[in-house]
Amino acid sequence: MNFDFSEDQRRLQEEVRRMLSDYSTSSAVRRVLEGESLYCADTWTQLAGLGALGLALPEAHGGAGMGLLELCLVAEEAGRALAAVPLVSSIYMAAEVIRRAGSEAQQAEWLPRLASGEAIATAMIAAHGQHALVVEPSRIENGRLFATLNAVPDGMAAQLCVVLVDDALVLVGLDGAGVRRTAQASLDPTRPLAQIVCDGATVELLAAHGGQQIAATVTDGAAVLMAFEQVGGAERALYAARDYALERRAFGRVIGSFQAVKHKLADIFASIELARAHAYYGAWALATGADELTRAAAAARVAATAAYTLAAEESLHLHGGIGFTWEMDCHLHLRRARWLGQIIGNEHYWRERLATTLIEKAA
Amino acid sequence: MDFNDTPDEAVFRAQVRDWLETHATRRQRRDEKFGDGLDREAYLAAAKAWQATKAAAGYAAIPWPKEMGGLGGSPAMQVVYAQEEAKFLVPGLIFEVSLGTALPTVAMWGTPEQKARNLAPALKGDHIWCQLFSEPAAGSDLGNVRTRAEKVGDEWVINGQKVWTSGAHNADYGILLARTDWDQPKAKGLTMFILDMKAPGVDVRLIRQATDEPHFNEVFLTDVRIADSARLGPEGQGWKVMLSTLMQERFSLGENFSGDLYDQLVDLAKQAQWGGRPAIEDRCVRAGIADAYIRQFGVDLIVRRGMSAISKGVSPGPEMAAVKLIGARAFQTGGALAVELGGAEGLIAASDLGQQWRMPQMLWISGPGARIAGGTDEIQKNTIAERVLGLPGEIRTDRDVPFRTLEG
Ligand SMILES: Cc1cc2nc3c(=O)[nH]c(=O)nc-3n(C[C@H](O)[C@H](O)[C@H](O)COP(=O)(O)OP(=O)(O)OC[C@H]3O[C@@H](n4cnc5c(N)ncnc54)[C@H](O)[C@@H]3O)c2cc1C
């Protein structure tokens, strides 16, 4: 048993962290927040330059051939830096589906471009229950896709979308005929959403069968990776509140000396420790393809969603009035925590998924 | 990162398993417990015998060096052993304080003579130890200890009262925190001693615990004589010695809070009927089981992170306070959910309702104790806030003045 990342992995994490603190600054993130761009192109290019986007992709297809453990650490740093980049859509989801389901040719066509950041893909592979307001099921007729996809992450920035239709996985070019897309205002504008309407769009088949299974595995993987983002974000929010509590004075002392404030921060810390422990377990299960993946991913997701939500809400609260302004980054965490906690199914969905695996395991 | 056994650990696991098969009985049902039907004397004798068997094989203190009676193993091996032992019917809890906190303190601070005399018999289970820190006026505020130790020749004469002393009624020895200098501020005038619990003037009285079990005690100390050679650590350094004991407690905490309550909840929820349907089909129940797993298995995982840190030579620090905070909550809320599952019948005690309800009911009623013992929730949070997050300490008007002036 060695329940920690290696020295090399930590060095990579350090490097990514340094780069992100230079590039994914508050003002860079805020350009996306204000709708000036669809994502932080600089940050994206730098991530690609460090090889971070292709860490888990095969060397033969432009990746580093390392594995998902390294990607987990990138995710943690992306969360900490509030990075406004299409990691969830293009890397955790679409690239993973193509890697697992695509033919050699399909992988050769897309993975190098996704790894270099030159192309962006997204994915709509949610299992039943994760989209609550979707109107109609997607269908394929004579190789053409008819679908109305809502809340597609990075749907405007992407050139390609992976779609799950019944048990099949298909690729749709988003710039082609028969595809109409419209931006949908996102509660976290730094992680934009779009509606994609496919009205007879041509599709390329990734997998005719077994799509549900692959989609479920990729979604479990995304849950783990996002748990790392959530842990990174939660830690940033916690330490922002801690720093403020050491500086802000009231009643003749710093507010960080009031026990109600100290205990709130300690509660956030404990909640992050719990989330981190489950996230590590998830990382191990993901990287090794262990049978425990679904259980580990679901627990990591529920714990990390709870931790980031608590950290974001209470960090804002501890800043008082100033925390409630647009200028402070507190609301960025609040928005990001909500977005990450809900884009692949909310915590209730995942808690139920966890319960199901626990009951099956006990049987 | 590897959650599985290394090849060495796998070999060790197989070895442990073989050994357990030979020396203990495999548990058949989850709710089976060692020693059903044994009275206190018989249970104690069985527990001591088991401890001796373990010690002979080196399993009594796996991470300890061989010359101290251990196996010189890694913390991970300790985890492996605990995982395997949990599948067998063996006595529990008697040696928790001895091996978890008291002996490690002796190992850290003891003179060569003290170690030679005390470690081996404790590992073998011949001696049981307890920890005499808390007093009526010194719990969270342990610096307020008033038990008096006065030097007379090369002996110390002890007078005072300890309370909440777990297992004192079974103990042969204890580590005792007492005040030796009343002119120093609170934490500075303390000294640690090794107390022979059978010495004249030691009066142990059981306190009936809220769970209705005999567990902790009041210990009255009247003119008890302790040789200076039984002083543990330097005079006036008792606070430092005590802190290292509490540090040890952090390492042993994980084992106390691990378990499989979530699996038991699944079993119980399958049996229970809610509104004519198995409770296991109820969304709230399922959510409760999931949360129980997150807390309880999460504690295991946090501890394993700590273990990995130890094997890299980093000692897990105050952040381990989170373990107790989360683990005790897991007991209290998980136990309550189990009791709830039974509806009105859930209120019938396990003795009348069935063995499978015993553990959950026990967790429910003992959860509050877990949130107090070894530092309350609030004290754990102060530790995290101050020692991990770097926030200011509590305002203490009594910290720097001679203890004598605080009396009254
Ligand atoms: C089951 C059990 C076993 C035990 N075993 C042992 C043992 O073997 N040896 C031993 O020495 N002791 C033992 N104890 C004692 C235990 O360490 C103390 O009970 C504990 O430290 C609390 O002290 P207290 O009981 O005096 O409560 P108090 O310190 O009086 O606390 C009362 C309440 O006030 C709160 N409080 C106190 N200070 C603060 C603060 N600064 N900020 C916020 N809130 C505060 C506490 O959190 C608590 O809720 C045991 C206790 C239990 C329940």
# chains A, B, ... in the order shown; residues from 1 in each chain; ligands from 1
>>> residues_around(residues="Asp4 of chain A", least_positions_apart="3", cutoff="12 Å", atoms="only C-alpha atoms", output="PyMOL selection string")
(chain A and resi 1+7-10+69-70+73+276-277+279-281+283-284) or (chain B and resi 1-3+301-312)
>>> interface_residues(of="chain A", to="chain B", cutoff="7 Å", atoms="only C-alpha atoms", output="VMD selection string")
chain A and resid 1 to 6 246 256 to 257 262 to 263 265 to 266 270 274 277 to 278 284 299 351 to 352 354 to 355 359 362
>>> write_last_selection(atoms="N, CA, C and O atoms", output="mmCIF file, in the first residue's frame")
data_model
loop_
_atom_site.group_PDB
_atom_site.id
_atom_site.type_symbol
_atom_site.label_atom_id
_atom_site.label_comp_id
_atom_site.auth_asym_id
_atom_site.auth_seq_id
_atom_site.Cartn_x
_atom_site.Cartn_y
_atom_site.Cartn_z
ATOM 1 N N MET A 1 0.831 -1.207 0.000
ATOM 2 C CA MET A 1 0.000 0.000 0.000
ATOM 3 C C MET A 1 0.860 1.250 0.000
ATOM 4 O O MET A 1 1.774 1.378 0.787
ATOM 5 N N ASN A 2 0.604 2.123 -0.918
ATOM 6 C CA ASN A 2 1.236 3.432 -0.889
ATOM 7 C C ASN A 2 0.176 4.402 -1.353
ATOM 8 O O ASN A 2 -0.120 4.506 -2.535
ATOM 9 N N PHE A 3 -0.413 5.067 -0.403
ATOM 10 C CA PHE A 3 -1.601 5.853 -0.712
ATOM 11 C C PHE A 3 -1.226 7.312 -0.927
ATOM 12 O O PHE A 3 -1.723 8.193 -0.255
ATOM 13 N N ASP A 4 -0.314 7.530 -1.849
ATOM 14 C CA ASP A 4 0.072 8.911 -2.131
ATOM 15 C C ASP A 4 0.629 8.983 -3.550
ATOM 16 O O ASP A 4 0.954 7.954 -4.154
ATOM 17 N N PHE A 5 0.744 10.179 -4.041
ATOM 18 C CA PHE A 5 1.333 10.369 -5.361
ATOM 19 C C PHE A 5 2.861 10.331 -5.239
ATOM 20 O O PHE A 5 3.412 10.586 -4.165
ATOM 21 N N SER A 6 3.519 10.052 -6.353
ATOM 22 C CA SER A 6 4.982 9.935 -6.320
ATOM 23 C C SER A 6 5.632 11.317 -6.387
ATOM 24 O O SER A 6 4.987 12.314 -6.704
ATOM 25 N N LEU A 246 -7.429 36.531 9.042
ATOM 26 C CA LEU A 246 -6.241 36.957 9.782
ATOM 27 C C LEU A 246 -5.985 38.453 9.648
ATOM 28 O O LEU A 246 -5.162 39.024 10.356
ATOM 29 N N GLY A 256 -10.471 36.191 12.775
ATOM 30 C CA GLY A 256 -9.995 34.805 12.859
ATOM 31 C C GLY A 256 -9.746 34.353 14.279
ATOM 32 O O GLY A 256 -9.437 33.183 14.510
ATOM 33 N N SER A 257 -9.863 35.256 15.242
ATOM 34 C CA SER A 257 -9.698 34.850 16.640
ATOM 35 C C SER A 257 -11.037 34.495 17.281
ATOM 36 O O SER A 257 -11.065 33.988 18.401
ATOM 37 N N LYS A 262 -13.221 30.329 13.672
ATOM 38 C CA LYS A 262 -12.207 29.259 13.654
ATOM 39 C C LYS A 262 -12.848 27.897 13.394
ATOM 40 O O LYS A 262 -12.356 27.098 12.598
ATOM 41 N N HIS A 263 -13.941 27.645 14.086
ATOM 42 C CA HIS A 263 -14.571 26.333 13.958
ATOM 43 C C HIS A 263 -15.188 26.129 12.580
ATOM 44 O O HIS A 263 -15.195 25.024 12.042
ATOM 45 N N LEU A 265 -13.966 27.349 9.852
ATOM 46 C CA LEU A 265 -12.834 27.040 8.977
ATOM 47 C C LEU A 265 -12.334 25.614 9.215
ATOM 48 O O LEU A 265 -11.952 24.911 8.277
ATOM 49 N N ALA A 266 -12.358 25.202 10.477
ATOM 50 C CA ALA A 266 -11.930 23.824 10.788
ATOM 51 C C ALA A 266 -12.891 22.815 10.163
ATOM 52 O O ALA A 266 -12.468 21.775 9.650
ATOM 53 N N ALA A 270 -11.924 19.850 7.562
ATOM 54 C CA ALA A 270 -12.233 18.427 7.749
ATOM 55 C C ALA A 270 -12.992 17.893 6.538
ATOM 56 O O ALA A 270 -12.753 16.774 6.069
ATOM 57 N N LEU A 274 -11.771 14.802 3.997
ATOM 58 C CA LEU A 274 -12.599 13.647 3.668
ATOM 59 C C LEU A 274 -12.723 13.507 2.147
ATOM 60 O O LEU A 274 -12.577 12.418 1.585
ATOM 61 N N ALA A 277 -9.415 12.334 0.581
ATOM 62 C CA ALA A 277 -9.139 10.908 0.785
ATOM 63 C C ALA A 277 -9.939 10.071 -0.216
ATOM 64 O O ALA A 277 -9.420 9.136 -0.833
ATOM 65 N N HIS A 278 -11.200 10.413 -0.395
ATOM 66 C CA HIS A 278 -12.014 9.666 -1.368
ATOM 67 C C HIS A 278 -11.545 9.923 -2.800
ATOM 68 O O HIS A 278 -11.584 9.027 -3.644
ATOM 69 N N TRP A 284 -6.886 6.128 -7.675
ATOM 70 C CA TRP A 284 -6.284 4.796 -7.766
ATOM 71 C C TRP A 284 -7.185 3.849 -8.564
ATOM 72 O O TRP A 284 -6.720 3.135 -9.465
ATOM 73 N N ALA A 299 -18.392 8.084 -4.303
ATOM 74 C CA ALA A 299 -18.084 8.627 -2.975
ATOM 75 C C ALA A 299 -17.242 9.893 -3.107
ATOM 76 O O ALA A 299 -17.475 10.885 -2.399
ATOM 77 N N ARG A 351 -25.231 10.042 -4.925
ATOM 78 C CA ARG A 351 -25.385 9.358 -3.641
ATOM 79 C C ARG A 351 -26.187 8.074 -3.847
ATOM 80 O O ARG A 351 -25.876 7.025 -3.293
ATOM 81 N N GLU A 352 -27.193 8.179 -4.707
ATOM 82 C CA GLU A 352 -27.999 6.997 -5.027
ATOM 83 C C GLU A 352 -27.146 5.956 -5.773
ATOM 84 O O GLU A 352 -27.232 4.764 -5.518
ATOM 85 N N LEU A 354 -23.989 5.562 -5.421
ATOM 86 C CA LEU A 354 -23.129 4.960 -4.397
ATOM 87 C C LEU A 354 -23.897 3.913 -3.594
ATOM 88 O O LEU A 354 -23.415 2.800 -3.377
ATOM 89 N N ALA A 355 -25.123 4.288 -3.182
ATOM 90 C CA ALA A 355 -25.931 3.350 -2.393
ATOM 91 C C ALA A 355 -26.146 2.054 -3.189
ATOM 92 O O ALA A 355 -26.019 0.953 -2.643
ATOM 93 N N ILE A 359 -25.077 -1.670 -1.914
ATOM 94 C CA ILE A 359 -26.073 -2.721 -1.692
ATOM 95 C C ILE A 359 -25.721 -3.953 -2.526
ATOM 96 O O ILE A 359 -25.795 -5.080 -2.058
ATOM 97 N N ALA A 362 -22.812 -5.744 -0.885
ATOM 98 C CA ALA A 362 -23.158 -6.480 0.328
ATOM 99 C C ALA A 362 -23.909 -7.768 -0.001
ATOM 100 O O ALA A 362 -23.909 -8.712 0.779
#
>>> atom_distance(atom1="atom CA of Gln131 of chain B", atom2="atom CA of Leu221 of chain B")
14.1 Å
>>> residues_near_ligand(ligand="ligand 1", cutoff="9 Å", atoms="only C-alpha atoms and all ligand atoms", output="number ranges by chain")
A: 259; B: 97, 130-142, 162-168, 176-177, 209, 215-217, 366, 368-382, 394
>>> write_last_selection(atoms="C-alpha atoms", output="PDB file, in the first residue's frame")
ATOM      1  CA  GLN A 259     -14.160  30.734  17.814  1.00  0.00           C
TER       2      GLN A 259
ATOM      3  CA  VAL B  97      -4.752   2.274  26.212  1.00  0.00           C
ATOM      4  CA  CYS B 130      -4.367   3.121  31.918  1.00  0.00           C
ATOM      5  CA  GLN B 131      -3.993   6.836  31.409  1.00  0.00           C
ATOM      6  CA  LEU B 132      -4.604   9.109  34.391  1.00  0.00           C
ATOM      7  CA  PHE B 133      -4.820  12.619  32.998  1.00  0.00           C
ATOM      8  CA  SER B 134      -8.328  14.033  33.392  1.00  0.00           C
ATOM      9  CA  GLU B 135      -9.607  15.381  36.684  1.00  0.00           C
ATOM     10  CA  PRO B 136     -12.858  16.909  37.803  1.00  0.00           C
ATOM     11  CA  ALA B 137     -11.481  20.390  37.034  1.00  0.00           C
ATOM     12  CA  ALA B 138      -9.152  19.393  34.216  1.00  0.00           C
ATOM     13  CA  GLY B 139     -10.639  17.896  31.070  1.00  0.00           C
ATOM     14  CA  SER B 140     -10.361  19.989  27.952  1.00  0.00           C
ATOM     15  CA  ASP B 141      -8.309  22.321  30.096  1.00  0.00           C
ATOM     16  CA  LEU B 142      -5.807  19.662  31.037  1.00  0.00           C
ATOM     17  CA  LYS B 162      -8.467  11.504  38.615  1.00  0.00           C
ATOM     18  CA  VAL B 163     -11.649  10.823  36.729  1.00  0.00           C
ATOM     19  CA  TRP B 164     -12.942   9.192  33.530  1.00  0.00           C
ATOM     20  CA  THR B 165      -9.971   6.831  33.663  1.00  0.00           C
ATOM     21  CA  SER B 166     -10.772   4.158  31.072  1.00  0.00           C
ATOM     22  CA  GLY B 167     -10.006   0.645  32.223  1.00  0.00           C
ATOM     23  CA  ALA B 168      -8.476   1.680  35.559  1.00  0.00           C
ATOM     24  CA  LEU B 176      -0.123   9.798  35.809  1.00  0.00           C
ATOM     25  CA  LEU B 177       0.022  13.535  35.240  1.00  0.00           C
ATOM     26  CA  GLN B 209     -21.307   4.904  31.928  1.00  0.00           C
ATOM     27  CA  HIS B 215     -15.646   1.353  31.333  1.00  0.00           C
ATOM     28  CA  PHE B 216     -14.296   4.396  33.120  1.00  0.00           C
ATOM     29  CA  ASN B 217     -13.491   5.158  36.723  1.00  0.00           C
ATOM     30  CA  SER B 366     -21.552   5.368  22.600  1.00  0.00           C
ATOM     31  CA  PRO B 368     -21.565  10.851  22.279  1.00  0.00           C
ATOM     32  CA  GLY B 369     -18.656   9.454  24.313  1.00  0.00           C
ATOM     33  CA  ALA B 370     -16.473   9.239  21.239  1.00  0.00           C
ATOM     34  CA  ARG B 371     -17.112  12.910  20.616  1.00  0.00           C
ATOM     35  CA  ILE B 372     -15.799  13.725  24.121  1.00  0.00           C
ATOM     36  CA  ALA B 373     -13.039  11.210  24.882  1.00  0.00           C
ATOM     37  CA  GLY B 374      -9.520  12.082  23.747  1.00  0.00           C
ATOM     38  CA  GLY B 375     -10.395  15.742  23.210  1.00  0.00           C
ATOM     39  CA  THR B 376     -13.885  16.970  22.405  1.00  0.00           C
ATOM     40  CA  ASP B 377     -15.069  18.048  18.963  1.00  0.00           C
ATOM     41  CA  GLU B 378     -14.481  21.661  19.948  1.00  0.00           C
ATOM     42  CA  ILE B 379     -10.936  20.968  21.058  1.00  0.00           C
ATOM     43  CA  GLN B 380     -10.232  19.123  17.788  1.00  0.00           C
ATOM     44  CA  LYS B 381     -11.546  22.103  15.871  1.00  0.00           C
ATOM     45  CA  ASN B 382      -9.352  24.469  17.866  1.00  0.00           C
ATOM     46  CA  GLU B 394      -7.976  31.304  22.321  1.00  0.00           C
TER      47      GLU B 394
END
>>> closest_residue(among="B:Ala57, B:Met197, B:Met68, B:Lys48", to="Pro112 of chain B", atoms="only C-alpha atoms")
B:Met68
>>> residues_around(residues="segment 123-128 of chain B", least_positions_apart="6", cutoff="7 Å", atoms="only C-alpha atoms", output="list in words")
Lys48, Gln51, Ala52, Ala55, Ala60, Phe95, Ser98, Asn170, Ala171, Asp172 and Tyr173 of chain B
>>> write_last_selection(atoms="N, CA, C and O atoms", output="PDB file, in the first residue's frame")
ATOM      1  N   LYS B  48      -5.898 -11.720  27.959  1.00  0.00           N
ATOM      2  CA  LYS B  48      -4.462 -11.766  28.266  1.00  0.00           C
ATOM      3  C   LYS B  48      -3.791 -12.921  27.533  1.00  0.00           C
ATOM      4  O   LYS B  48      -2.682 -12.778  27.016  1.00  0.00           O
ATOM      5  N   GLN B  51      -3.352 -11.967  23.958  1.00  0.00           N
ATOM      6  CA  GLN B  51      -2.292 -10.986  23.799  1.00  0.00           C
ATOM      7  C   GLN B  51      -0.920 -11.671  23.863  1.00  0.00           C
ATOM      8  O   GLN B  51      -0.012 -11.339  23.102  1.00  0.00           O
ATOM      9  N   ALA B  52      -0.795 -12.639  24.755  1.00  0.00           N
ATOM     10  CA  ALA B  52       0.476 -13.352  24.890  1.00  0.00           C
ATOM     11  C   ALA B  52       0.796 -14.118  23.606  1.00  0.00           C
ATOM     12  O   ALA B  52       1.934 -14.131  23.129  1.00  0.00           O
ATOM     13  N   ALA B  55       1.900 -11.629  21.058  1.00  0.00           N
ATOM     14  CA  ALA B  55       3.236 -11.095  21.334  1.00  0.00           C
ATOM     15  C   ALA B  55       4.308 -12.099  20.945  1.00  0.00           C
ATOM     16  O   ALA B  55       5.353 -11.733  20.401  1.00  0.00           O
ATOM     17  N   ALA B  60       2.115  -8.115  18.425  1.00  0.00           N
ATOM     18  CA  ALA B  60       1.551  -7.228  19.439  1.00  0.00           C
ATOM     19  C   ALA B  60       1.883  -5.762  19.155  1.00  0.00           C
ATOM     20  O   ALA B  60       1.127  -4.866  19.508  1.00  0.00           O
ATOM     21  N   PHE B  95      -6.576  -3.767  25.716  1.00  0.00           N
ATOM     22  CA  PHE B  95      -5.205  -3.265  25.651  1.00  0.00           C
ATOM     23  C   PHE B  95      -5.076  -1.978  24.848  1.00  0.00           C
ATOM     24  O   PHE B  95      -3.987  -1.563  24.478  1.00  0.00           O
ATOM     25  N   SER B  98      -3.097   0.603  26.857  1.00  0.00           N
ATOM     26  CA  SER B  98      -1.734   0.088  27.047  1.00  0.00           C
ATOM     27  C   SER B  98      -0.908   0.295  25.795  1.00  0.00           C
ATOM     28  O   SER B  98       0.150   0.920  25.812  1.00  0.00           O
ATOM     29  N   ASN B 170      -9.168  -2.487  35.502  1.00  0.00           N
ATOM     30  CA  ASN B 170      -8.431  -3.662  35.051  1.00  0.00           C
ATOM     31  C   ASN B 170      -6.927  -3.441  35.085  1.00  0.00           C
ATOM     32  O   ASN B 170      -6.165  -4.358  34.816  1.00  0.00           O
ATOM     33  N   ALA B 171      -6.532  -2.200  35.361  1.00  0.00           N
ATOM     34  CA  ALA B 171      -5.142  -1.825  35.092  1.00  0.00           C
ATOM     35  C   ALA B 171      -4.182  -2.200  36.213  1.00  0.00           C
ATOM     36  O   ALA B 171      -4.530  -2.181  37.396  1.00  0.00           O
ATOM     37  N   ASP B 172      -2.958  -2.518  35.793  1.00  0.00           N
ATOM     38  CA  ASP B 172      -1.877  -2.775  36.738  1.00  0.00           C
ATOM     39  C   ASP B 172      -1.016  -1.526  36.915  1.00  0.00           C
ATOM     40  O   ASP B 172      -0.458  -1.290  37.965  1.00  0.00           O
ATOM     41  N   TYR B 173      -0.890  -0.755  35.841  1.00  0.00           N
ATOM     42  CA  TYR B 173      -0.087   0.465  35.878  1.00  0.00           C
ATOM     43  C   TYR B 173      -0.821   1.579  35.158  1.00  0.00           C
ATOM     44  O   TYR B 173      -1.746   1.329  34.387  1.00  0.00           O
TER      45      TYR B 173
END
>>> residues_around(residues="Cys330 of chain A", least_positions_apart="5", cutoff="9 Å", atoms="only C-alpha atoms", output="VMD selection string")
chain A and resid 237 240 312 to 313 315 to 317 319 323 to 325 335
>>> select_by_dssp(residues="segment 91-165 of chain A", states="strand (DSSP E)", output="list in words")
Ala121, Thr122, Ala123, Met124, Arg139, Ile140, Glu141, Arg144, Leu145, Phe146, Ala147, Thr148, Leu149, Asn150, Ala151, Val152, Pro153, Leu160, Cys161, Val162, Val163, Leu164 and Val165 of chain A
>>> residues_around(residues="Val29 of chain A", least_positions_apart="6", cutoff="9 Å", atoms="only C-alpha atoms", output="list in words")
Tyr39, Cys40, Ala81, Leu82, Ala83, Ala84 and Thr190 of chain A
>>> write_last_selection(atoms="C-alpha atoms", output="PDB file, in the first residue's frame")
ATOM      1  CA  TYR A  39     -12.282  30.170 -22.591  1.00  0.00           C
ATOM      2  CA  CYS A  40      -8.801  31.342 -21.562  1.00  0.00           C
ATOM      3  CA  ALA A  81      -6.775  28.302 -10.249  1.00  0.00           C
ATOM      4  CA  LEU A  82     -10.459  28.515 -11.214  1.00  0.00           C
ATOM      5  CA  ALA A  83      -9.186  27.762 -14.717  1.00  0.00           C
ATOM      6  CA  ALA A  84     -11.658  28.788 -17.403  1.00  0.00           C
ATOM      7  CA  THR A 190     -16.419  30.705 -16.805  1.00  0.00           C
TER       8      THR A 190
END
>>> select_by_dssp(residues="segment 148-274 of chain A", states="alpha helix (DSSP H)", output="PyMOL selection string")
chain A and resi 211-247+259-274
>>> closest_residue(among="B:Lys186, B:Arg146, B:Arg179, B:Arg13", to="Asp398 of chain B", atoms="only C-alpha atoms")
B:Lys186
>>> residues_around(residues="segment 174-185 of chain A", least_positions_apart="5", cutoff="10 Å", atoms="only C-alpha atoms", output="PyMOL selection string")
chain A and resi 35+121-122+144-161+191-202
>>> residues_around(residues="Arg248 of chain A", least_positions_apart="4", cutoff="12 Å", atoms="only C-alpha atoms", output="number ranges by chain")
A: 241-244, 252-258, 261, 318-320, 322
>>> atom_distance(atom1="atom CA of Asp352 of chain B", atom2="atom CA of Ala292 of chain B")
25.7 Å
>>> atom_distance(atom1="atom CA of Met359 of chain B", atom2="atom CA of Leu206 of chain B")
23.2 Å
>>> decode(residues="segment 260-308 of chain B", atoms="C-alpha atoms", output="short mmCIF file (atom, residue, chain, number, x, y, z; two decimals), in the first residue's frame")
data_model
loop_
_atom_site.label_atom_id
_atom_site.label_comp_id
_atom_site.auth_asym_id
_atom_site.auth_seq_id
_atom_site.Cartn_x
_atom_site.Cartn_y
_atom_site.Cartn_z
CA ASP B 260 -18.27 -1.81 8.43
CA LEU B 261 -21.30 -0.06 9.80
CA TYR B 262 -22.48 0.69 6.26
CA ASP B 263 -22.59 -3.02 5.45
CA GLN B 264 -24.53 -3.68 8.61
CA LEU B 265 -26.94 -0.90 7.65
CA VAL B 266 -27.55 -2.66 4.34
CA ASP B 267 -28.35 -5.92 6.13
CA LEU B 268 -30.69 -4.26 8.58
CA ALA B 269 -32.42 -2.18 5.90
CA LYS B 270 -33.15 -5.34 3.94
CA GLN B 271 -34.88 -6.87 6.95
CA ALA B 272 -36.85 -3.78 7.97
CA GLN B 273 -40.17 -2.96 6.33
CA TRP B 274 -41.14 0.64 5.80
CA GLY B 275 -44.73 1.18 4.70
CA GLY B 276 -44.95 -2.44 3.61
CA ARG B 277 -41.76 -2.33 1.54
CA PRO B 278 -38.19 -3.16 2.41
CA ALA B 279 -36.56 -0.08 3.92
CA ILE B 280 -33.62 -0.63 1.58
CA GLU B 281 -35.84 0.64 -1.24
CA ASP B 282 -36.39 3.94 0.53
CA ARG B 283 -34.44 6.86 -0.95
CA CYS B 284 -33.67 8.44 2.44
CA VAL B 285 -32.35 5.17 3.81
CA ARG B 286 -30.17 4.65 0.78
CA ALA B 287 -28.82 8.17 1.08
CA GLY B 288 -28.08 7.58 4.75
CA ILE B 289 -26.17 4.40 3.95
CA ALA B 290 -24.14 6.22 1.31
CA ASP B 291 -23.27 8.98 3.76
CA ALA B 292 -22.33 6.45 6.43
CA TYR B 293 -19.93 4.87 3.97
CA ILE B 294 -18.43 8.22 3.00
CA ARG B 295 -17.70 9.10 6.61
CA GLN B 296 -16.55 5.76 7.85
CA PHE B 297 -14.56 4.47 4.92
CA GLY B 298 -13.30 8.03 4.50
CA VAL B 299 -11.73 7.83 7.96
CA ASP B 300 -9.97 4.63 6.91
CA LEU B 301 -8.67 6.37 3.83
CA ILE B 302 -7.43 9.42 5.76
CA VAL B 303 -5.59 7.13 8.14
CA ARG B 304 -4.00 5.28 5.24
CA ARG B 305 -2.77 8.58 3.87
CA GLY B 306 -1.25 9.21 7.28
CA MET B 307 0.36 5.76 7.21
CA SER B 308 1.84 6.41 3.79
#
